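Below is one structure, written out as structure tokens; the observations come after it.
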Amino acid sequence: MKRHLPVALAAVAALALAGCGSDPATTVQAAPVGIQPSQDALSGVQKNDAAAALLPADVRAAGVIKLGGAVGTPPGAYYPDPAKHELAGLDVDLVNGVAKVLGVRVEREDAAFETILPALGSGKYDVGTGNFGVTAARLKTIDFVTYIDDGQGFAVRADNTALNSVTDLTQLCGLTIGTGAGTTFEATLNAKKDVCAQAGKKPYEVKVFSENGAVVTGLQQGRLDVVMSTINGLRYQAAQPNSHTRFIGEYHRLDVGFAFKKGSALTPAFQAAVNQLIKDGSYQKILAKWGTADSAITESLINPPEHP
């Protein structure tokens, strides 16, 4: 998305729904505290012939994989300096690491979060990234290769002392919640919207945005009471100086993975590549670089069941 945020809001841009946006920001985003976008975490990665052999023959011959990736804010995928159009982030490093292990080149196209999964089915992309959580609903039509454990969390303005955690959605009754279009957050909130009526309380209102900047602005201006987004993204933002936001905790953990059309022949190779990155230590370097070590997995899986 092309956002033109006032200078006062530039520092809070990272609150935007990580992995739920589309086009790169036009405002230069300072790196959040604790992460180093220029750090090289992939220098030790080498092609692994056993993993590469799992690729379909046509892909090995072409040496190219088409990827549709959502662009948002740290730590997922973002543009530190959009003028240079150089993408950075956890998802970017993991994709590049997998490509090195498999000996292929990735042709990446930035895409709106909500368009990527449908585009996999049409064959436009071979794989999609965007902090896609593994859910029972998505597993009906999408295959996943997991690479991190993230999930759903909430944040409020720093001066909001009324809400300190959300363990039950009835705590949100009467409030206005901002979230991203096509996300697990939107699905969760809409699926359980009747909990307030059942509790005899005023319903919560869900406002869905495709543009990250609109969520930030809404929270800052008090038009949103709370934001539901990725645990890692919200935690990052709250830790930054002058963020004016407060992370109030996790709600539901989810495995996050590379997304493929159902029945894709690419999943065994991607799983082997992620596990090779874990084995050689590059995976741990990538997560440390982006401050997400607490979300590490010990083994990549294909289509694990949704976390209870």
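Ligands are numbered from 1 in the order shown, residues from 1 within each chain, and chains are lettered A, B, ... in the order they appear in the structure tokens.
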
task: With a distance cut-off of 7 Å and only C-alpha atoms, select the neighbouring residues of stretch 252-264 of chain A, excluding the residue or stretch itself and same-chain residues fewer than 4 positions from it, and output the selection as a PyMOL selection string.
output: chain A and resi 120-121+126-129+131-134+141-152+306-307

message: Among stretch 146-263 of chain A, which residues does DSSP mark as alpha helix (DSSP H) when it is run on the backbone? Keep the chain and numbering as in the structure and answer as a PyMOL selection string.
response: chain A and resi 184-191+195-198+212-220+231-239

Can you spit out the residues from that selection as a PDB file, in the first residue's frame, using C-alpha atoms?
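To be explicit, this is the file written out as part-v2.pdb:
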```pdb
ATOM      1  CA  THR A 184      -7.424 -15.133  10.931  1.00  0.00           C
ATOM      2  CA  PHE A 185      -8.080 -12.174  13.238  1.00  0.00           C
ATOM      3  CA  GLU A 186     -11.074 -11.056  11.181  1.00  0.00           C
ATOM      4  CA  ALA A 187     -12.350 -14.634  10.979  1.00  0.00           C
ATOM      5  CA  THR A 188     -12.038 -15.186  14.738  1.00  0.00           C
ATOM      6  CA  LEU A 189     -13.755 -11.938  15.659  1.00  0.00           C
ATOM      7  CA  ASN A 190     -16.639 -12.437  13.225  1.00  0.00           C
ATOM      8  CA  ALA A 191     -17.135 -16.100  14.102  1.00  0.00           C
ATOM      9  CA  VAL A 195     -20.630 -14.000  22.582  1.00  0.00           C
ATOM     10  CA  CYS A 196     -21.590 -10.504  23.703  1.00  0.00           C
ATOM     11  CA  ALA A 197     -25.307 -11.004  23.058  1.00  0.00           C
ATOM     12  CA  GLN A 198     -25.144 -14.310  24.905  1.00  0.00           C
ATOM     13  CA  ASN A 212      -1.948  -0.662   7.436  1.00  0.00           C
ATOM     14  CA  GLY A 213      -1.734   3.071   7.913  1.00  0.00           C
ATOM     15  CA  ALA A 214      -5.477   3.318   8.479  1.00  0.00           C
ATOM     16  CA  VAL A 215      -5.262   0.953  11.452  1.00  0.00           C
ATOM     17  CA  VAL A 216      -2.421   2.930  12.992  1.00  0.00           C
ATOM     18  CA  THR A 217      -4.227   6.211  12.514  1.00  0.00           C
ATOM     19  CA  GLY A 218      -7.468   4.795  13.895  1.00  0.00           C
ATOM     20  CA  LEU A 219      -5.836   3.613  17.106  1.00  0.00           C
ATOM     21  CA  GLN A 220      -3.820   6.798  17.555  1.00  0.00           C
ATOM     22  CA  ILE A 231       1.850 -11.503  18.375  1.00  0.00           C
ATOM     23  CA  ASN A 232       5.309 -10.723  17.057  1.00  0.00           C
ATOM     24  CA  GLY A 233       4.255  -7.610  15.165  1.00  0.00           C
ATOM     25  CA  LEU A 234       2.367  -6.073  18.074  1.00  0.00           C
ATOM     26  CA  ARG A 235       5.046  -6.964  20.586  1.00  0.00           C
ATOM     27  CA  TYR A 236       7.671  -5.333  18.383  1.00  0.00           C
ATOM     28  CA  GLN A 237       5.729  -2.143  18.019  1.00  0.00           C
ATOM     29  CA  ALA A 238       5.024  -1.792  21.722  1.00  0.00           C
ATOM     30  CA  ALA A 239       8.745  -2.104  22.474  1.00  0.00           C
TER      31      ALA A 239
END
```

task: Could you give me the residues within stretch 11-197 of chain A that DSSP places in strand (DSSP E or B), as number ranges by chain?
output: A: 64-69, 78, 88, 105-110, 127-129, 133, 142-157, 176-180

Resulting file, chosen residues, N, CA and C atoms, as a compact mmCIF listing (two decimals), in the first residue's frame:
```txt
# COMPACT_ATOMS: atom_id res chain seq x y z
N VAL A 64 13.29 -21.92 -11.04
CA VAL A 64 12.56 -20.73 -10.61
C VAL A 64 11.30 -21.13 -9.86
N ILE A 65 11.01 -20.39 -8.79
CA ILE A 65 9.76 -20.55 -8.05
C ILE A 65 9.07 -19.19 -7.98
N LYS A 66 7.79 -19.15 -8.33
CA LYS A 66 7.01 -17.91 -8.31
C LYS A 66 6.37 -17.73 -6.93
N LEU A 67 6.63 -16.59 -6.33
CA LEU A 67 6.15 -16.33 -4.98
C LEU A 67 5.31 -15.07 -4.92
N GLY A 68 4.17 -15.16 -4.27
CA GLY A 68 3.35 -13.99 -3.96
C GLY A 68 3.52 -13.67 -2.49
N GLY A 69 3.99 -12.47 -2.17
CA GLY A 69 4.28 -12.13 -0.78
C GLY A 69 3.60 -10.85 -0.33
N TYR A 78 8.95 -5.93 4.88
CA TYR A 78 8.71 -4.49 4.78
C TYR A 78 9.85 -3.84 4.03
N ALA A 88 13.03 -6.29 3.20
CA ALA A 88 13.69 -6.92 4.33
C ALA A 88 12.64 -7.57 5.22
N ARG A 105 15.93 -19.90 -7.90
CA ARG A 105 15.74 -18.46 -7.85
C ARG A 105 14.27 -18.17 -7.59
N VAL A 106 14.00 -17.19 -6.74
CA VAL A 106 12.62 -16.83 -6.42
C VAL A 106 12.22 -15.58 -7.20
N GLU A 107 11.14 -15.69 -7.95
CA GLU A 107 10.54 -14.53 -8.61
C GLU A 107 9.41 -14.05 -7.72
N ARG A 108 9.64 -12.95 -7.03
CA ARG A 108 8.69 -12.46 -6.05
C ARG A 108 7.81 -11.35 -6.61
N GLU A 109 6.54 -11.41 -6.25
CA GLU A 109 5.61 -10.33 -6.57
C GLU A 109 4.91 -9.89 -5.29
N ASP A 110 5.00 -8.61 -4.94
CA ASP A 110 4.27 -8.09 -3.80
C ASP A 110 2.78 -8.17 -4.10
N VAL A 127 3.98 -20.42 -4.38
CA VAL A 127 4.02 -20.35 -2.92
C VAL A 127 3.66 -18.95 -2.48
N GLY A 128 3.09 -18.85 -1.30
CA GLY A 128 2.71 -17.55 -0.76
C GLY A 128 3.28 -17.36 0.63
N THR A 129 3.63 -16.10 0.95
CA THR A 129 4.07 -15.75 2.30
C THR A 129 3.33 -14.51 2.76
N GLY A 133 -1.30 -18.02 9.13
CA GLY A 133 -1.50 -18.97 10.21
C GLY A 133 -2.18 -20.23 9.71
N ILE A 142 -5.67 -25.29 1.38
CA ILE A 142 -4.27 -24.86 1.29
C ILE A 142 -3.38 -25.86 2.01
N ASP A 143 -2.19 -26.11 1.45
CA ASP A 143 -1.15 -26.88 2.13
C ASP A 143 -0.15 -25.91 2.75
N PHE A 144 0.38 -26.29 3.90
CA PHE A 144 1.33 -25.44 4.61
C PHE A 144 2.61 -26.20 4.94
N VAL A 145 3.72 -25.47 4.90
CA VAL A 145 4.99 -25.95 5.44
C VAL A 145 5.38 -24.95 6.52
N THR A 146 5.41 -25.38 7.76
CA THR A 146 5.57 -24.44 8.87
C THR A 146 7.01 -23.94 9.01
N TYR A 147 7.14 -22.69 9.50
CA TYR A 147 8.47 -22.14 9.74
C TYR A 147 8.57 -21.29 11.01
N ILE A 148 7.45 -21.02 11.67
CA ILE A 148 7.51 -20.26 12.92
C ILE A 148 6.20 -20.45 13.68
N ASP A 149 6.22 -20.17 14.95
CA ASP A 149 5.04 -20.25 15.81
C ASP A 149 4.69 -18.84 16.27
N ASP A 150 3.65 -18.27 15.69
CA ASP A 150 3.25 -16.90 16.03
C ASP A 150 1.81 -16.95 16.51
N GLY A 151 0.94 -16.13 15.98
CA GLY A 151 -0.46 -16.22 16.37
C GLY A 151 -1.13 -14.89 16.58
N GLN A 152 -2.20 -14.92 17.35
CA GLN A 152 -3.08 -13.77 17.52
C GLN A 152 -2.84 -13.07 18.85
N GLY A 153 -2.79 -11.75 18.80
CA GLY A 153 -2.62 -10.97 20.02
C GLY A 153 -3.37 -9.66 19.92
N PHE A 154 -3.33 -8.88 20.99
CA PHE A 154 -4.04 -7.61 21.04
C PHE A 154 -3.12 -6.49 21.53
N ALA A 155 -3.42 -5.28 21.08
CA ALA A 155 -2.71 -4.09 21.54
C ALA A 155 -3.70 -2.94 21.67
N VAL A 156 -3.37 -2.04 22.58
CA VAL A 156 -4.18 -0.84 22.80
C VAL A 156 -3.26 0.37 22.81
N ARG A 157 -3.85 1.55 22.89
CA ARG A 157 -3.03 2.74 23.07
C ARG A 157 -2.35 2.67 24.44
N THR A 176 -14.53 -1.06 19.88
CA THR A 176 -14.29 -1.07 18.43
C THR A 176 -12.91 -1.64 18.18
N ILE A 177 -12.86 -2.70 17.38
CA ILE A 177 -11.62 -3.44 17.15
C ILE A 177 -11.19 -3.28 15.70
N GLY A 178 -9.93 -2.98 15.49
CA GLY A 178 -9.38 -2.87 14.15
C GLY A 178 -8.55 -4.08 13.81
N THR A 179 -8.66 -4.55 12.57
CA THR A 179 -7.87 -5.70 12.14
C THR A 179 -7.75 -5.72 10.62
N GLY A 180 -7.07 -6.72 10.08
CA GLY A 180 -6.79 -6.77 8.65
C GLY A 180 -7.76 -7.62 7.86
```

Top pick for closest residue to A:Lys193, considering A:Gln171, A:Thr135, A:Asn160, A:Thr73 and counting only C-alpha atoms: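 Using only C-alpha atoms, the shortest distance to A:Lys193 belongs to A:Gln171.
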
- request: Would you mind reading off the distance between atom CA of A:Ala52 and atom CA of A:Leu117, one decimal, in Å?
  value: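 Separation of atom CA of A:Ala52 and atom CA of A:Leu117: 24.6 Å.
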
message: Excluding A:Ala111 and its own-chain neighbours fewer than 2 positions away, which residues fall within 8 Å of it when counting only C-alpha atoms? Please give them as a list in words.
response: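 These residues fall inside the cut-off: Ser22, Asp23, Gly68, Gly69, Ala70, Val71, Glu109, Phe113, Thr115 and Ile116 of chain A.
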
task: Quick one: everything within 10 Å of A:Ser282, counting only C-alpha atoms, minus sequence neighbours fewer than 5 positions away in the same chain. Send it as a VMD selection string.
output: chain A and resid 41 to 45 93 to 94 97 274 276 to 277 287 to 288

message: Neighbouring residues of A:Val166 were defined as those with any atom within 9 Å, considering only C-alpha atoms; residues of the same chain fewer than 2 positions away were excluded. Please report them as a list in words.
response: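 The contact residues come out as Gly153, Phe154, Leu163, Asn164, Asp168, Leu169, Thr170, Gln171, Leu172, Ile248, Gly249, Glu250 and Tyr251 of chain A.
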
- prompt: Which polymer residues have any atom within 6 Å of an atom of A:Ala158, counting only C-alpha atoms, with same-chain residues fewer than 4 positions away left out, as an MDAnalysis selection string?
  reply: chainID A and resid 244:246

Selected residues, N, CA and C atoms, written as a PDB file, in the first residue's frame, please.
```pdb
ATOM      1  N   HIS A 244       3.536   4.678  21.467  1.00  0.00           N
ATOM      2  CA  HIS A 244       2.199   5.032  21.957  1.00  0.00           C
ATOM      3  C   HIS A 244       1.243   3.842  21.911  1.00  0.00           C
ATOM      4  N   THR A 245       1.790   2.626  21.912  1.00  0.00           N
ATOM      5  CA  THR A 245       0.957   1.434  21.935  1.00  0.00           C
ATOM      6  C   THR A 245       1.423   0.512  23.050  1.00  0.00           C
ATOM      7  N   ARG A 246       0.528  -0.381  23.426  1.00  0.00           N
ATOM      8  CA  ARG A 246       0.837  -1.315  24.508  1.00  0.00           C
ATOM      9  C   ARG A 246       0.333  -2.699  24.117  1.00  0.00           C
TER      10      ARG A 246
END
```

message: What's the separation between atom CA of A:Ala53 and atom CA of A:Pro304, in Å to one decimal place?
response: 23.5 Å

task: One decimal, Å: what's the distance from atom CA of A:Gly182 over to atom CA of A:Lys202, could you say?
output: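 Going from atom CA of A:Gly182 over to atom CA of A:Lys202, I get 24.8 Å.
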
- request: Go through A:Leu175, A:Ala119, A:Leu266, A:Leu54 one by one, measure the shortest atom-to-atom distance of each to A:Val227 using only C-alpha atoms, and give the residue with the smallest value.
  value: A:Leu175
